[in-house]
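Enquirer: Next comes run_37.cif, mmCIF, C-alpha atoms:
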data_work
loop_
_atom_site.label_atom_id
_atom_site.label_comp_id
_atom_site.auth_asym_id
_atom_site.auth_seq_id
_atom_site.Cartn_x
_atom_site.Cartn_y
_atom_site.Cartn_z
CA MET A 6 -38.16 46.79 -51.68
CA GLU A 7 -37.60 43.05 -51.41
CA THR A 8 -34.67 41.23 -49.90
CA THR A 9 -33.04 38.33 -51.67
CA GLY A 10 -31.90 35.32 -49.70
CA ALA A 11 -31.05 35.47 -46.01
CA SER A 12 -31.04 38.83 -44.29
CA ARG A 13 -27.51 40.17 -43.93
CA PRO A 14 -27.42 43.07 -41.46
CA PRO A 15 -24.95 45.67 -42.76
CA LEU A 16 -23.34 46.25 -39.35
CA ALA A 17 -23.03 42.58 -38.39
CA GLY A 18 -19.74 42.04 -36.53
CA ILE A 19 -19.47 45.65 -35.31
CA ARG A 20 -19.23 45.80 -31.52
CA VAL A 21 -20.51 48.90 -29.72
CA LEU A 22 -20.14 49.93 -26.08
CA ASP A 23 -23.03 52.20 -25.09
CA LEU A 24 -22.52 54.28 -21.93
CA THR A 25 -25.34 56.74 -22.66
CA ARG A 26 -28.66 57.53 -20.98
CA LEU A 27 -32.12 58.82 -21.78
CA LEU A 28 -32.63 59.72 -25.48
CA PRO A 29 -29.86 61.07 -27.79
CA GLY A 30 -27.23 58.38 -27.18
CA PRO A 31 -29.61 55.43 -26.77
CA VAL A 32 -31.40 56.30 -30.03
CA CYS A 33 -28.04 56.53 -31.80
CA THR A 34 -27.05 53.06 -30.61
CA LEU A 35 -30.60 51.79 -31.29
CA HIS A 36 -30.09 52.56 -34.97
CA LEU A 37 -26.72 50.81 -34.90
CA ALA A 38 -28.23 47.77 -33.15
CA ASP A 39 -31.17 47.61 -35.54
CA LEU A 40 -28.71 47.55 -38.44
CA GLY A 41 -26.95 44.55 -36.92
CA ALA A 42 -24.28 45.88 -34.56
CA GLU A 43 -23.74 44.07 -31.28
CA VAL A 44 -24.49 46.77 -28.72
CA LEU A 45 -23.66 46.38 -25.04
CA LYS A 46 -25.50 48.90 -22.87
CA ILE A 47 -23.32 49.64 -19.86
CA GLU A 48 -25.01 51.27 -16.86
CA ASP A 49 -23.58 52.25 -13.50
CA THR A 50 -24.41 50.14 -10.47
CA GLY A 51 -26.47 52.92 -8.88
CA LEU A 52 -29.32 54.74 -10.60
CA GLY A 53 -28.28 53.61 -14.06
CA ASP A 54 -30.26 54.84 -17.05
CA TYR A 55 -33.27 56.48 -15.42
CA ALA A 56 -35.36 56.71 -18.60
CA ALA A 57 -39.03 55.85 -18.17
CA PRO A 58 -39.67 52.10 -18.57
CA ALA A 59 -41.80 52.64 -21.69
CA LEU A 60 -39.02 54.65 -23.34
CA ARG A 61 -36.42 52.11 -22.28
CA ALA A 62 -38.44 49.32 -23.90
CA MET A 63 -38.40 51.21 -27.20
CA VAL A 64 -34.83 52.45 -27.44
CA GLN A 65 -32.88 49.62 -25.78
CA ARG A 66 -34.16 46.74 -27.91
CA ASN A 67 -31.63 44.56 -29.73
CA LYS A 68 -28.99 45.37 -27.09
CA LYS A 69 -27.35 43.47 -24.26
CA GLY A 70 -27.10 44.96 -20.77
CA MET A 71 -24.29 45.20 -18.19
CA ARG A 72 -23.79 47.16 -14.98
CA LEU A 73 -20.32 48.46 -14.19
CA ASP A 74 -18.89 50.79 -11.53
CA LEU A 75 -16.32 53.02 -13.24
CA LYS A 76 -15.45 54.66 -9.93
CA GLN A 77 -13.59 51.49 -8.96
CA ALA A 78 -10.23 50.57 -10.49
CA ASP A 79 -11.45 47.10 -11.40
CA GLY A 80 -14.44 48.61 -13.20
CA VAL A 81 -12.13 50.82 -15.24
CA ALA A 82 -9.94 47.81 -16.00
CA LEU A 83 -12.98 45.88 -17.24
CA LEU A 84 -13.98 48.69 -19.59
CA HIS A 85 -10.43 48.75 -20.93
CA ARG A 86 -10.74 45.01 -21.62
CA LEU A 87 -14.05 45.51 -23.38
CA ALA A 88 -12.61 48.37 -25.44
CA GLU A 89 -9.81 46.15 -26.72
CA SER A 90 -12.25 44.27 -28.96
CA ALA A 91 -14.84 47.00 -29.51
CA ASP A 92 -15.26 49.01 -32.68
CA VAL A 93 -17.27 51.88 -31.20
CA LEU A 94 -17.86 53.51 -27.82
CA VAL A 95 -20.63 56.07 -27.34
CA GLU A 96 -20.87 58.25 -24.23
CA GLY A 97 -22.93 61.24 -23.21
CA PHE A 98 -21.30 62.58 -20.06
CA ARG A 99 -20.27 66.18 -19.53
CA PRO A 100 -16.88 67.01 -21.11
CA GLY A 101 -13.98 65.77 -19.01
CA VAL A 102 -15.90 63.18 -16.98
CA MET A 103 -14.67 60.17 -18.94
CA ASP A 104 -11.10 61.45 -18.79
CA ARG A 105 -11.30 61.83 -15.01
CA LEU A 106 -12.56 58.25 -14.75
CA GLY A 107 -9.60 56.99 -16.79
CA VAL A 108 -11.72 55.92 -19.77
CA GLY A 109 -11.45 58.95 -22.06
CA TYR A 110 -10.52 58.77 -25.73
CA ALA A 111 -6.78 59.00 -25.12
CA ALA A 112 -6.83 56.15 -22.60
CA LEU A 113 -8.99 53.78 -24.63
CA SER A 114 -7.44 54.52 -28.03
CA ALA A 115 -4.13 53.54 -26.45
CA VAL A 116 -5.46 50.01 -25.92
CA ASN A 117 -7.36 49.96 -29.24
CA PRO A 118 -6.16 52.41 -31.91
CA ARG A 119 -9.06 51.39 -34.21
CA LEU A 120 -11.70 52.48 -31.69
CA VAL A 121 -14.27 55.04 -32.84
CA TYR A 122 -15.12 57.03 -29.70
CA CYS A 123 -18.22 59.22 -29.91
CA SER A 124 -19.09 61.87 -27.33
CA ILE A 125 -22.57 63.43 -27.45
CA THR A 126 -23.03 66.63 -25.45
CA GLY A 127 -25.15 69.75 -25.54
CA PHE A 128 -22.50 72.24 -26.63
CA GLY A 129 -19.49 70.10 -27.58
CA GLN A 130 -16.08 69.29 -26.18
CA THR A 131 -14.70 72.78 -26.84
CA GLY A 132 -15.92 76.36 -26.63
CA PRO A 133 -17.10 78.60 -23.79
CA TYR A 134 -20.35 76.63 -23.31
CA ARG A 135 -18.73 73.19 -23.07
CA ASP A 136 -19.55 72.85 -19.35
CA GLU A 137 -23.05 74.30 -19.50
CA PRO A 138 -25.99 71.95 -18.82
CA GLY A 139 -29.00 72.03 -21.12
CA HIS A 140 -31.95 70.25 -22.67
CA ASP A 141 -33.46 70.05 -26.13
CA LEU A 142 -35.26 73.39 -25.92
CA ASN A 143 -32.05 75.14 -24.79
CA TYR A 144 -30.09 73.87 -27.80
CA CYS A 145 -32.90 74.82 -30.19
CA ALA A 146 -33.18 78.23 -28.55
CA LEU A 147 -29.48 79.11 -28.72
CA SER A 148 -29.20 77.98 -32.34
CA GLY A 149 -32.00 80.23 -33.59
CA VAL A 150 -34.30 77.31 -34.37
CA SER A 151 -36.92 77.89 -31.65
CA ASP A 152 -37.41 81.42 -32.95
CA GLN A 153 -38.66 79.92 -36.21
CA ILE A 154 -41.19 77.45 -34.72
CA GLY A 155 -44.71 78.57 -33.88
CA ARG A 156 -46.53 81.84 -34.49
CA ASP A 157 -45.29 85.32 -33.80
CA ASP A 158 -48.44 86.18 -31.83
CA ALA A 159 -48.10 83.13 -29.59
CA GLY A 160 -44.35 82.93 -29.06
CA PRO A 161 -42.03 79.98 -29.81
CA ALA A 162 -43.64 76.53 -29.72
CA LEU A 163 -42.34 73.37 -28.09
CA SER A 164 -42.16 70.12 -30.04
CA ASN A 165 -42.93 66.66 -28.63
CA LEU A 166 -40.35 65.39 -31.10
CA PRO A 167 -37.08 66.62 -29.52
CA ILE A 168 -35.39 68.19 -32.52
CA ALA A 169 -31.97 68.82 -31.00
CA ASP A 170 -31.81 65.50 -29.15
CA LEU A 171 -32.65 63.43 -32.22
CA LEU A 172 -31.65 65.46 -35.29
CA GLY A 173 -28.79 67.30 -33.62
CA GLY A 174 -27.64 64.43 -31.41
CA SER A 175 -28.70 60.92 -32.40
CA MET A 176 -28.61 61.18 -36.18
CA ASN A 177 -25.45 63.27 -36.39
CA ALA A 178 -23.78 60.79 -34.05
CA VAL A 179 -24.77 57.89 -36.30
CA MET A 180 -23.40 59.78 -39.31
CA GLY A 181 -20.13 60.58 -37.58
CA ILE A 182 -19.68 57.05 -36.26
CA LEU A 183 -20.30 55.42 -39.65
CA ALA A 184 -17.91 57.83 -41.38
CA ALA A 185 -15.19 57.17 -38.79
CA LEU A 186 -15.79 53.40 -38.99
CA PHE A 187 -15.35 53.53 -42.75
CA ASP A 188 -12.08 55.40 -42.33
CA ALA A 189 -10.86 53.07 -39.57
CA ALA A 190 -11.43 50.10 -41.87
CA ARG A 191 -9.10 51.72 -44.42
CA THR A 192 -6.45 53.17 -42.12
CA GLY A 193 -6.60 51.12 -38.92
CA THR A 194 -7.00 54.31 -36.91
CA GLY A 195 -10.16 55.41 -35.13
CA ARG A 196 -11.28 58.92 -34.26
CA HIS A 197 -12.89 60.92 -31.46
CA VAL A 198 -16.28 62.02 -32.82
CA ASP A 199 -17.40 65.22 -31.05
CA ILE A 200 -21.17 65.72 -31.41
CA SER A 201 -22.79 68.90 -30.11
CA MET A 202 -26.59 68.88 -30.20
CA ALA A 203 -26.62 72.68 -30.53
CA ASP A 204 -24.21 72.47 -33.48
CA GLY A 205 -26.41 69.80 -35.02
CA VAL A 206 -29.57 71.88 -35.18
CA LEU A 207 -27.71 75.03 -36.23
CA ALA A 208 -26.19 73.11 -39.14
CA HIS A 209 -29.67 72.26 -40.43
CA ALA A 210 -31.24 75.73 -40.09
CA LEU A 211 -30.94 76.12 -43.84
CA VAL A 212 -34.30 77.61 -44.79
CA PRO A 213 -34.18 80.57 -42.38
CA LEU A 214 -30.52 81.03 -43.34
CA VAL A 215 -31.61 81.48 -46.96
CA THR A 216 -34.06 84.17 -45.82
CA LEU A 217 -31.29 85.85 -43.82
CA ALA A 218 -28.96 85.77 -46.81
CA THR A 219 -31.50 87.15 -49.28
CA GLN A 220 -33.55 89.47 -47.07
CA GLY A 221 -30.99 90.63 -44.53
CA ALA A 222 -32.95 89.23 -41.58
CA THR A 223 -35.05 86.21 -40.70
CA ARG A 224 -38.79 86.60 -40.62
CA ARG A 225 -40.73 86.17 -37.41
CA ALA A 226 -42.16 82.74 -36.63
CA GLY A 227 -45.15 81.98 -38.83
CA LEU A 228 -44.28 84.56 -41.48
CA ASP A 229 -41.72 82.79 -43.66
CA LYS A 230 -42.39 80.69 -46.72
CA LEU A 231 -42.52 77.35 -44.92
CA SER A 232 -43.83 78.56 -41.57
CA GLY A 233 -47.19 80.05 -42.52
CA ALA A 234 -46.84 82.99 -44.88
CA LEU A 235 -48.30 81.16 -47.87
CA PRO A 236 -51.89 79.87 -48.11
CA CYS A 237 -50.63 77.06 -50.37
CA TYR A 238 -48.47 75.70 -47.52
CA ALA A 239 -50.52 75.71 -44.36
CA MET A 240 -52.63 73.83 -41.85
CA TYR A 241 -56.40 74.32 -42.06
CA ARG A 242 -58.94 73.54 -39.36
CA THR A 243 -61.79 71.20 -40.28
CA GLN A 244 -65.39 71.14 -39.10
CA ASP A 245 -64.69 68.58 -36.39
CA GLY A 246 -61.73 70.47 -34.91
CA ARG A 247 -59.09 68.44 -36.72
CA HIS A 248 -56.62 69.78 -39.28
CA LEU A 249 -55.74 69.27 -42.92
CA SER A 250 -52.21 69.88 -44.19
CA VAL A 251 -51.87 71.58 -47.57
CA GLY A 252 -48.39 71.48 -49.09
CA ALA A 253 -49.12 72.67 -52.63
CA LEU A 254 -45.88 74.62 -53.05
CA GLU A 255 -45.55 73.85 -56.75
CA HIS A 256 -48.06 75.61 -59.03
CA LYS A 257 -49.33 72.37 -60.57
CA PHE A 258 -50.30 71.07 -57.14
CA TRP A 259 -52.03 74.34 -56.24
CA GLU A 260 -54.05 74.21 -59.45
CA ARG A 261 -55.24 70.68 -58.66
CA PHE A 262 -56.01 71.75 -55.11
CA CYS A 263 -58.15 74.66 -56.35
CA ASP A 264 -59.98 72.36 -58.74
CA VAL A 265 -60.84 69.93 -55.93
CA LEU A 266 -62.10 72.84 -53.83
CA GLY A 267 -64.17 74.12 -56.72
CA ARG A 268 -62.33 77.46 -56.69
CA PRO A 269 -60.45 77.71 -59.99
CA ASP A 270 -60.47 81.49 -59.54
CA LEU A 271 -57.81 81.09 -56.82
CA LYS A 272 -55.28 79.52 -59.18
CA PRO A 273 -53.50 82.83 -59.93
CA MET A 274 -53.05 83.36 -56.18
CA HIS A 275 -50.54 80.54 -55.73
CA MET A 276 -47.91 83.05 -54.57
CA PRO A 277 -49.84 86.15 -53.43
CA PRO A 278 -48.04 89.46 -54.09
CA ASP A 279 -48.51 90.79 -50.57
CA ARG A 280 -49.55 89.74 -47.09
CA ALA A 281 -53.04 91.23 -47.32
CA THR A 282 -53.81 89.21 -50.45
CA ALA A 283 -52.38 86.09 -48.86
CA GLU A 284 -54.66 86.52 -45.88
CA ARG A 285 -57.72 86.93 -48.11
CA VAL A 286 -56.87 83.74 -50.00
CA ARG A 287 -56.20 81.93 -46.74
CA ALA A 288 -59.55 83.04 -45.35
CA ASP A 289 -61.38 81.76 -48.43
CA VAL A 290 -59.65 78.40 -48.25
CA ALA A 291 -60.13 78.16 -44.49
CA ALA A 292 -63.88 78.75 -44.80
CA LEU A 293 -64.20 75.96 -47.34
CA ILE A 294 -62.11 73.47 -45.35
CA GLU A 295 -63.88 74.23 -42.09
CA ALA A 296 -67.27 73.43 -43.66
CA ARG A 297 -66.50 69.68 -43.72
CA PRO A 298 -64.99 67.13 -41.28
CA LEU A 299 -61.50 65.72 -41.70
CA ALA A 300 -62.68 62.32 -42.94
CA TYR A 301 -64.51 64.00 -45.81
CA TRP A 302 -61.41 65.88 -46.93
CA ALA A 303 -59.14 62.85 -46.49
CA ASP A 304 -61.42 60.92 -48.83
CA VAL A 305 -61.83 63.76 -51.35
CA PHE A 306 -58.11 64.44 -51.66
CA HIS A 307 -56.93 60.82 -51.60
CA GLY A 308 -55.24 60.04 -54.89
CA ARG A 309 -55.62 63.57 -56.27
CA GLN A 310 -51.86 64.18 -56.04
CA CYS A 311 -51.86 67.74 -54.80
CA CYS A 312 -49.84 67.28 -51.58
CA VAL A 313 -52.79 67.33 -49.19
CA THR A 314 -52.95 64.94 -46.23
CA PRO A 315 -54.86 64.71 -42.96
CA VAL A 316 -53.04 65.63 -39.77
CA LEU A 317 -53.15 62.29 -37.98
CA ARG A 318 -52.79 61.51 -34.33
CA LEU A 319 -50.02 59.04 -33.55
CA GLU A 320 -52.43 56.18 -32.90
CA GLU A 321 -53.96 56.81 -36.32
CA ALA A 322 -50.54 56.96 -37.98
CA LEU A 323 -49.62 53.59 -36.47
CA ALA A 324 -52.68 52.09 -38.16
CA HIS A 325 -52.22 53.88 -41.49
CA GLU A 326 -52.03 51.59 -44.51
CA ASN A 327 -48.80 53.09 -45.85
CA PHE A 328 -46.83 52.59 -42.62
CA ILE A 329 -48.27 49.09 -42.25
CA ALA A 330 -47.28 48.24 -45.82
CA ARG A 331 -43.79 49.62 -45.18
CA GLY A 332 -43.38 47.43 -42.10
CA MET A 333 -42.87 50.42 -39.84
CA VAL A 334 -45.02 49.17 -36.97
CA HIS A 335 -44.16 46.06 -34.98
CA PRO A 336 -46.20 44.55 -32.15
CA PRO A 337 -45.16 45.16 -28.52
CA VAL A 338 -42.32 42.96 -27.32
CA ALA A 339 -43.96 42.53 -23.90
CA GLU A 340 -47.54 42.47 -22.67
CA GLY A 341 -48.78 45.95 -21.85
CA SER A 342 -45.95 47.77 -23.62
CA ALA A 343 -46.26 50.08 -26.61
CA PRO A 344 -45.84 49.01 -30.24
CA GLN A 345 -42.33 49.15 -31.61
CA LEU A 346 -41.32 51.39 -34.50
CA ALA A 347 -39.16 49.65 -37.06
CA CYS A 348 -35.78 50.74 -38.35
CA PRO A 349 -36.54 53.39 -41.02
CA VAL A 350 -33.60 52.31 -43.20
CA LYS A 351 -34.66 49.88 -45.92
CA MET A 352 -32.09 48.23 -48.17
CA THR A 353 -31.65 45.16 -50.30
CA GLY A 354 -30.41 42.05 -48.56
CA PHE A 355 -31.52 43.21 -45.12
CA GLU A 356 -34.77 42.65 -43.28
CA PHE A 357 -35.15 44.45 -39.95
CA SER A 358 -36.17 42.34 -37.00
CA ILE A 359 -36.35 42.64 -33.22
CA GLU A 360 -33.98 39.96 -31.99
CA ARG A 361 -34.30 40.74 -28.30
CA PRO A 362 -36.32 43.06 -26.07
CA ALA A 363 -34.63 45.78 -24.03
CA PRO A 364 -32.44 44.21 -21.36
CA SER A 365 -33.05 44.78 -17.70
CA PRO A 366 -30.14 46.59 -16.00
CA GLY A 367 -27.18 44.20 -15.84
CA GLN A 368 -29.08 41.37 -17.49
CA ASP A 369 -26.09 40.11 -19.47
CA THR A 370 -23.28 40.96 -17.06
CA ASP A 371 -22.39 37.32 -16.40
CA GLU A 372 -22.30 36.50 -20.11
CA VAL A 373 -19.97 39.44 -20.77
CA LEU A 374 -17.67 38.54 -17.89
CA THR A 375 -17.54 34.91 -18.96
CA ALA A 376 -16.49 35.97 -22.45
CA LEU A 377 -13.67 37.98 -20.84
CA GLY A 378 -12.45 34.82 -19.06
CA HIS A 379 -13.93 35.31 -15.57
CA ASP A 380 -15.05 32.08 -13.96
CA GLU A 381 -17.92 31.77 -11.49
CA THR A 382 -15.72 32.58 -8.49
CA ALA A 383 -14.28 35.70 -10.14
CA ARG A 384 -17.74 36.86 -11.21
CA ALA A 385 -19.10 36.40 -7.69
CA ASP A 386 -16.17 38.38 -6.25
CA LEU A 387 -16.79 41.29 -8.64
CA ARG A 388 -20.45 41.34 -7.68
CA ARG A 389 -19.65 41.15 -3.95
CA ARG A 390 -17.39 44.19 -4.25
CA GLY A 391 -19.95 46.12 -6.31
CA VAL A 392 -17.71 46.37 -9.37
CA VAL A 393 -20.48 44.91 -11.51
CA GLY A 394 -24.21 44.48 -11.04
#
The structure given in the file should be rewritten as structure tokens.
Expert:
Amino acid sequence: METTGASRPPLAGIRVLDLTRLLPGPVCTLHLADLGAEVLKIEDTGLGDYAAPALRAMVQRNKKGMRLDLKQADGVALLHRLAESADVLVEGFRPGVMDRLGVGYAALSAVNPRLVYCSITGFGQTGPYRDEPGHDLNYCALSGVSDQIGRDDAGPALSNLPIADLLGGSMNAVMGILAALFDAARTGTGRHVDISMADGVLAHALVPLVTLATQGATRRAGLDKLSGALPCYAMYRTQDGRHLSVGALEHKFWERFCDVLGRPDLKPMHMPPDRATAERVRADVAALIEARPLAYWADVFHGRQCCVTPVLRLEEALAHENFIARGMVHPPVAEGSAPQLACPVKMTGFEFSIERPAPSPGQDTDEVLTALGHDETARADLRRRGVVG
């Protein structure tokens, strides 16, 4: 997809106050910043966002940074001032914390009725679990998702891609914020967007829900259509200990796959009638795949259009020709840091770019205060009293 003329970020002019930490909230505001929003990351004057430096460098790019003590009245007053001209505020504290600080939705919408105020929590602003702490695996576990990941003989598996944090939290928050922004532009009234990470993963558990609806119960991990029951949709070990992914769910892809393997006799076994037959077919395919290294199979299946790809390590994916051609990998923004992953949203008239590296804590505090009308003496006084950092 090519852009025409100058790049015009779709969220240019949108101002976002980001009071979040670690992963779900910062990734949400990262997407907003990458699409052109002006994001101000606000950290407390103590520990601040304690994410690892490498993670911070990735998810805080294209943002400005400020430190603010919301336990002081002047800090609360400053956030009220910032909210007057903001379009969005994103926070990830436990339910009730922002209200106790005097910066909850009711307080800030009073000074700016157009404000879209997004709260990202584990279990939401309401319900019996609203005050319970948790992490990604807890939200996946409670929503029935963990039960469907892994193999029945090995127990539930953990993912190094936090499903609840990112799918349940970050992406649902972006969706809710953009919908509320669209409505605020029409009506002049913002909304409180309540994002529960547990809700978010439950809402996307569609495939096991289909099994539940049609079979009366979910199947154990590794035994459903997309989790390992079918030899046409599986991971196969190669000679060198790597893996090949086979996703030949449609019959035409399975037929091509069997032709490449030299086993046209397996074509009728696309959807085996029972588990024993499926295991026999799987064993035949596994023996063939394991006889050759991954590079051999990657070359043999390239361009054959039967939904077969090598299972790459991340460093290999970063160097893959398709992701390079798509502009998905950008060089590190600082010496010794990791490469940057581009915004995955491509559209006409917009070219993603990294305008600024992640700010150090409080890096832009003076700039923000100056824009609010504080002269050098006033800024120094706020710093002396620990209101800002």
Enquirer: So, with only C-alpha atoms as the atoms that count, which of A:Leu28, A:Leu228, A:Leu266, A:Leu147 lies closest to Ala292 in chain A?
Expert: A:Leu266
Enquirer: Nearest to Asp199 in chain A: which of A:Thr375, A:Thr131, A:Gln77, A:Gln345 is it, counting only C-alpha atoms?
Expert: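 The closest residue to Asp199 in chain A is A:Thr131.
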Enquirer: Return as a list in words the set of residues that the PyMOL selection byres ((chain A and resi 305) around 12) yields on the displayed structure.
Expert: Leu249, Phe262, Asp264, Val265, Leu266, Gly267, Ile294, Arg297, Pro298, Leu299, Ala300, Tyr301, Trp302, Ala303, Asp304, Phe306, His307, Gly308, Arg309, Gln310, Cys311, Val313, Thr314 and Pro315 of chain A
Enquirer: Closest to Arg72 in chain A among A:Thr219, A:Thr50, A:Ser151, A:Ser124, using only C-alpha atoms?
Expert: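 Residue with the minimum atom-to-atom distance to Arg72 in chain A: A:Thr50.
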Enquirer: With the PyMOL selection byres ((chain A and resi 271-276) around 12) as the selection, what would be picked from this file? Answer as a ChimeraX atom specification, please.
Expert: /A:230,234-238,252-270,277-290
Enquirer: Pick from A:Glu48, A:Asp229, A:Glu340, A:Asp188: nearest to Glu96 in chain A, with all atoms listed in the file counted?
Expert: A:Glu48
Enquirer: Record the distance separating CA of Asp23 in chain A and CA of Gly391 in chain A, expressed in Å with one decimal.
Expert: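 Taking CA of Asp23 in chain A and CA of Gly391 in chain A, their separation equals 20.0 Å.
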Enquirer: The PyMOL selection byres ((chain A and resi 123) around 9) - which residues does that actually catch in the file I just gave you? List them as a compact mmCIF listing (two decimals) with C-alpha atoms, keeping the file's coordinate frame.
Expert:
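Now in part_19.txt:
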# COMPACT_ATOMS: atom_id res chain seq x y z
CA VAL A 93 -17.27 51.88 -31.20
CA LEU A 94 -17.86 53.51 -27.82
CA VAL A 95 -20.63 56.07 -27.34
CA GLU A 96 -20.87 58.25 -24.23
CA GLY A 97 -22.93 61.24 -23.21
CA TYR A 110 -10.52 58.77 -25.73
CA VAL A 121 -14.27 55.04 -32.84
CA TYR A 122 -15.12 57.03 -29.70
CA SER A 124 -19.09 61.87 -27.33
CA ILE A 125 -22.57 63.43 -27.45
CA ALA A 178 -23.78 60.79 -34.05
CA GLY A 181 -20.13 60.58 -37.58
CA ILE A 182 -19.68 57.05 -36.26
CA ARG A 196 -11.28 58.92 -34.26
CA HIS A 197 -12.89 60.92 -31.46
CA VAL A 198 -16.28 62.02 -32.82
CA ASP A 199 -17.40 65.22 -31.05
CA ILE A 200 -21.17 65.72 -31.41
Enquirer: Could you name the residues that touch Leu171 in chain A at 9 Å or less, counting all atoms listed in the file, but leaving out those on the same chain fewer than 3 positions away, as a PyMOL selection string?
Expert: chain A and resi 28-30+32-33+166-168+174-177+202
Enquirer: Grab the CA of Leu120 in chain A to CA of Asp92 in chain A distance for me, in Å with one decimal place.
Expert: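 About the pair CA of Leu120 in chain A and CA of Asp92 in chain A: they are 5.1 Å apart.
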Enquirer: Of the candidates A:Asn165, A:Gln65, A:Thr382, A:Thr25, which shows the shortest atom-to-atom distance to Ser365 in chain A, using only C-alpha atoms?
Expert: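 Between A:Asn165, A:Gln65, A:Thr382, A:Thr25, the residue approaching Ser365 in chain A most closely is A:Gln65.
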Enquirer: I'd like the neighbourhood of Asp157 in chain A as a PDB file with C-alpha atoms, in the coordinates of the input, where a residue qualifies if any of its atoms comes within 8 Å (using all atoms listed in the file), though same-chain residues fewer than 3 positions away should be ignored.
Expert:
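Below is the file that was written, result-v8.pdb:
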ATOM      1  CA  GLY A 160     -44.350  82.930 -29.060  1.00  0.00           C
ATOM      2  CA  PRO A 161     -42.030  79.980 -29.810  1.00  0.00           C
ATOM      3  CA  ARG A 225     -40.730  86.170 -37.410  1.00  0.00           C
ATOM      4  CA  ALA A 226     -42.160  82.740 -36.630  1.00  0.00           C
ATOM      5  CA  GLY A 227     -45.150  81.980 -38.830  1.00  0.00           C
ATOM      6  CA  LEU A 228     -44.280  84.560 -41.480  1.00  0.00           C
TER       7      LEU A 228
END
Enquirer: How far is it from CA of Gly195 in chain A to CA of Met180 in chain A, in Å with one decimal?
Expert: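 Taking CA of Gly195 in chain A as the start and CA of Met180 in chain A as the end point, the length is 14.6 Å.
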Enquirer: Just want the 12 Å neighbourhood of Leu214 in chain A, counted on all atoms listed in the file, with same-chain residues fewer than 3 positions away dropped. Output as an MDAnalysis selection string.
Expert: chainID A and resid 148:150 153 207:211 217:224 229
Enquirer: With distances taken over all atoms listed in the file, which of A:Arg191, A:Lys69, A:His140, A:Arg26 is nearest to Ala56 in chain A?
Expert: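 Closest residue, counting all atoms listed in the file: A:Arg26.
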Enquirer: Please complete range 144-155 of chain A with N, CA and C atoms and give it back as a short mmCIF file (atom, residue, chain, number, x, y, z; two decimals), in the coordinates of the input.
Expert:
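File selection.cif, as written:
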data_model
loop_
_atom_site.label_atom_id
_atom_site.label_comp_id
_atom_site.auth_asym_id
_atom_site.auth_seq_id
_atom_site.Cartn_x
_atom_site.Cartn_y
_atom_site.Cartn_z
N TYR A 144 -30.93 73.96 -26.60
CA TYR A 144 -30.09 73.87 -27.80
C TYR A 144 -30.82 74.48 -29.00
N CYS A 145 -32.12 74.22 -29.10
CA CYS A 145 -32.90 74.82 -30.19
C CYS A 145 -32.98 76.34 -30.03
N ALA A 146 -33.09 76.79 -28.80
CA ALA A 146 -33.18 78.23 -28.55
C ALA A 146 -31.90 78.95 -28.93
N LEU A 147 -30.76 78.43 -28.49
CA LEU A 147 -29.48 79.11 -28.72
C LEU A 147 -29.09 79.09 -30.20
N SER A 148 -29.57 78.11 -30.93
CA SER A 148 -29.20 77.98 -32.34
C SER A 148 -30.11 78.74 -33.28
N GLY A 149 -31.10 79.46 -32.75
CA GLY A 149 -32.00 80.23 -33.59
C GLY A 149 -33.13 79.42 -34.18
N VAL A 150 -33.26 78.17 -33.81
CA VAL A 150 -34.30 77.31 -34.37
C VAL A 150 -35.65 77.54 -33.69
N SER A 151 -35.66 77.66 -32.37
CA SER A 151 -36.92 77.89 -31.65
C SER A 151 -37.62 79.15 -32.12
N ASP A 152 -36.85 80.16 -32.47
CA ASP A 152 -37.41 81.42 -32.95
C ASP A 152 -38.23 81.25 -34.22
N GLN A 153 -38.00 80.15 -34.94
CA GLN A 153 -38.66 79.92 -36.21
C GLN A 153 -39.82 78.92 -36.11
N ILE A 154 -40.13 78.45 -34.90
CA ILE A 154 -41.19 77.45 -34.72
C ILE A 154 -42.35 78.07 -33.97
N GLY A 155 -43.53 78.02 -34.53
CA GLY A 155 -44.71 78.57 -33.88
C GLY A 155 -45.26 79.75 -34.63
#
